[in-house]
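Trainee: So that we are looking at the same thing, I have put the structure below in structure tokens.
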Amino acid sequence: MSEPINMDKAVMKYIIGSVMEYAYESVEREKSDPCEFNEGRKLAFYEVLDTIYNRLDIYDQDPKDFGYPDDWEKPFFAK
């Protein structure tokens, strides 16, 4: 794994917010049109957000400071 780069916190928050917006849209799309593609897309966005969340935790950063709500995972697993 490569060394982490220094990035402005506001830029990271913006990037994460954009990914989160697209991710929650994918959840809604999967609900309205349940198919393998939409399920896979939703899972891919979840994996990206989960990876970022875990990296923030590893580097002693509070994910809330980057826009993660307490229940950010809930929409991905709601039926």
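Labels for the structure tokens follow display order: chains A, B, ..., residues from 1 in each chain, ligands from 1.
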For A:Lys64, find every residue with an atom within 12 Å (counting only C-alpha atoms), except residues of its own chain fewer than 5 positions away, and show them as a ChimeraX atom specification.

Mentor: /A:9,13,16-17,53,56-57,69-72

Trainee: Limited to N, CA and C atoms, could you put the picked residues into a file as a short mmCIF file (atom, residue, chain, number, x, y, z; two decimals), in the first residue's frame?

Mentor:
data_model
loop_
_atom_site.label_atom_id
_atom_site.label_comp_id
_atom_site.auth_asym_id
_atom_site.auth_seq_id
_atom_site.Cartn_x
_atom_site.Cartn_y
_atom_site.Cartn_z
N LYS A 9 -8.89 18.79 4.58
CA LYS A 9 -10.06 18.12 5.16
C LYS A 9 -11.35 18.50 4.43
N LYS A 13 -13.93 15.93 2.70
CA LYS A 13 -15.35 15.95 3.08
C LYS A 13 -16.23 16.10 1.84
N ILE A 16 -16.09 12.69 -0.15
CA ILE A 16 -16.89 11.68 0.55
C ILE A 16 -18.37 12.00 0.43
N GLY A 17 -18.74 13.26 0.56
CA GLY A 17 -20.13 13.66 0.42
C GLY A 17 -20.68 13.34 -0.95
N TYR A 53 -14.26 4.79 5.40
CA TYR A 53 -14.60 4.87 6.83
C TYR A 53 -13.52 4.17 7.67
N LEU A 56 -10.19 6.10 7.68
CA LEU A 56 -10.25 7.24 8.59
C LEU A 56 -10.04 6.78 10.02
N ASP A 57 -10.68 5.68 10.38
CA ASP A 57 -10.53 5.14 11.73
C ASP A 57 -9.09 4.71 12.00
N PRO A 69 -22.75 10.12 8.84
CA PRO A 69 -23.71 10.11 9.95
C PRO A 69 -23.54 8.82 10.75
N ASP A 70 -24.08 8.79 11.96
CA ASP A 70 -23.97 7.60 12.81
C ASP A 70 -24.52 6.35 12.12
N ASP A 71 -25.59 6.50 11.38
CA ASP A 71 -26.26 5.35 10.79
C ASP A 71 -26.05 5.27 9.27
N TRP A 72 -24.88 5.64 8.80
CA TRP A 72 -24.63 5.72 7.36
C TRP A 72 -24.84 4.38 6.65
#

Trainee: List the spatial neighbours of A:Ile15 as a ChimeraX atom specification - criterion: any atom at most 10 Å away, only C-alpha atoms, same-chain residues fewer than 6 positions off excluded.

Mentor: /A:9,21,66-67

Trainee: Pick the closest to A:Met20 from A:Val48, A:Leu43, A:Ile5, A:Ala78: which is it, counting only C-alpha atoms?

Mentor: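 Going through A:Val48, A:Leu43, A:Ile5, A:Ala78 one by one, the smallest distance to A:Met20 is for A:Val48.
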
Trainee: Please measure the separation of atom CA of A:Phe76 and atom CA of A:Val27, giving the value in Å to one decimal.

Mentor: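 Separation between atom CA of A:Phe76 and atom CA of A:Val27: 6.4 Å.
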
Trainee: To one decimal place, how far is atom CA of A:Met7 from atom CA of A:Ala44 in Å?

Mentor: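 Between these atoms lies a distance of 23.9 Å.
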
Trainee: Using only C-alpha atoms, which residue out of A:Gly40, A:Tyr22, A:Cys35, A:Met12 lies closest to A:Ile52?

Mentor: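 Once distances to A:Ile52 are computed over only C-alpha atoms, the minimum belongs to A:Met12.
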
Trainee: Give me, as a VMD selection string, the residues of chain A that a backbone DSSP run labels helix (DSSP H, G or I).

Mentor: chain A and resid 9 to 32 36 to 58 63 to 66 74 to 77

Trainee: Could you save those same residues with C-alpha atoms as a short mmCIF file (atom, residue, chain, number, x, y, z; two decimals), in the first residue's frame?

Mentor:
data_model
loop_
_atom_site.label_atom_id
_atom_site.label_comp_id
_atom_site.auth_asym_id
_atom_site.auth_seq_id
_atom_site.Cartn_x
_atom_site.Cartn_y
_atom_site.Cartn_z
CA LYS A 9 -10.06 18.12 5.16
CA ALA A 10 -12.65 20.19 3.30
CA VAL A 11 -11.70 18.53 0.01
CA MET A 12 -11.97 15.06 1.58
CA LYS A 13 -15.35 15.95 3.08
CA TYR A 14 -16.57 17.13 -0.33
CA ILE A 15 -15.36 13.96 -2.07
CA ILE A 16 -16.89 11.68 0.55
CA GLY A 17 -20.13 13.66 0.42
CA SER A 18 -20.31 13.25 -3.34
CA VAL A 19 -19.71 9.51 -3.13
CA MET A 20 -22.28 9.22 -0.34
CA GLU A 21 -24.86 11.11 -2.43
CA TYR A 22 -24.34 8.75 -5.37
CA ALA A 23 -24.39 5.77 -3.01
CA TYR A 24 -27.75 6.70 -1.49
CA GLU A 25 -29.11 7.30 -5.00
CA SER A 26 -28.00 3.77 -5.89
CA VAL A 27 -29.95 2.45 -2.90
CA GLU A 28 -33.09 4.18 -4.17
CA ARG A 29 -32.51 2.96 -7.72
CA GLU A 30 -32.12 -0.62 -6.50
CA LYS A 31 -35.41 -0.32 -4.59
CA SER A 32 -37.28 0.99 -7.63
CA GLU A 36 -28.46 -7.74 -10.36
CA PHE A 37 -26.80 -4.67 -11.85
CA ASN A 38 -28.42 -2.24 -9.40
CA GLU A 39 -27.76 -4.57 -6.46
CA GLY A 40 -24.09 -4.80 -7.48
CA ARG A 41 -23.82 -1.03 -7.93
CA LYS A 42 -25.28 -0.47 -4.45
CA LEU A 43 -22.83 -2.98 -2.97
CA ALA A 44 -19.89 -1.35 -4.76
CA PHE A 45 -20.75 2.06 -3.32
CA TYR A 46 -21.12 0.51 0.13
CA GLU A 47 -17.68 -1.10 -0.17
CA VAL A 48 -16.08 2.22 -1.19
CA LEU A 49 -17.67 4.11 1.70
CA ASP A 50 -16.80 1.33 4.14
CA THR A 51 -13.17 1.33 2.99
CA ILE A 52 -12.89 5.10 3.43
CA TYR A 53 -14.60 4.87 6.83
CA ASN A 54 -12.15 2.21 8.00
CA ARG A 55 -9.12 4.15 6.72
CA LEU A 56 -10.25 7.24 8.59
CA ASP A 57 -10.53 5.14 11.73
CA ILE A 58 -7.07 3.62 11.19
CA PRO A 63 -15.58 9.79 10.28
CA LYS A 64 -18.28 12.21 11.51
CA ASP A 65 -15.83 15.05 10.81
CA PHE A 66 -15.91 13.95 7.17
CA LYS A 74 -28.47 1.53 7.52
CA PRO A 75 -29.90 2.36 4.04
CA PHE A 76 -27.73 -0.30 2.44
CA PHE A 77 -29.24 -3.08 4.55
#
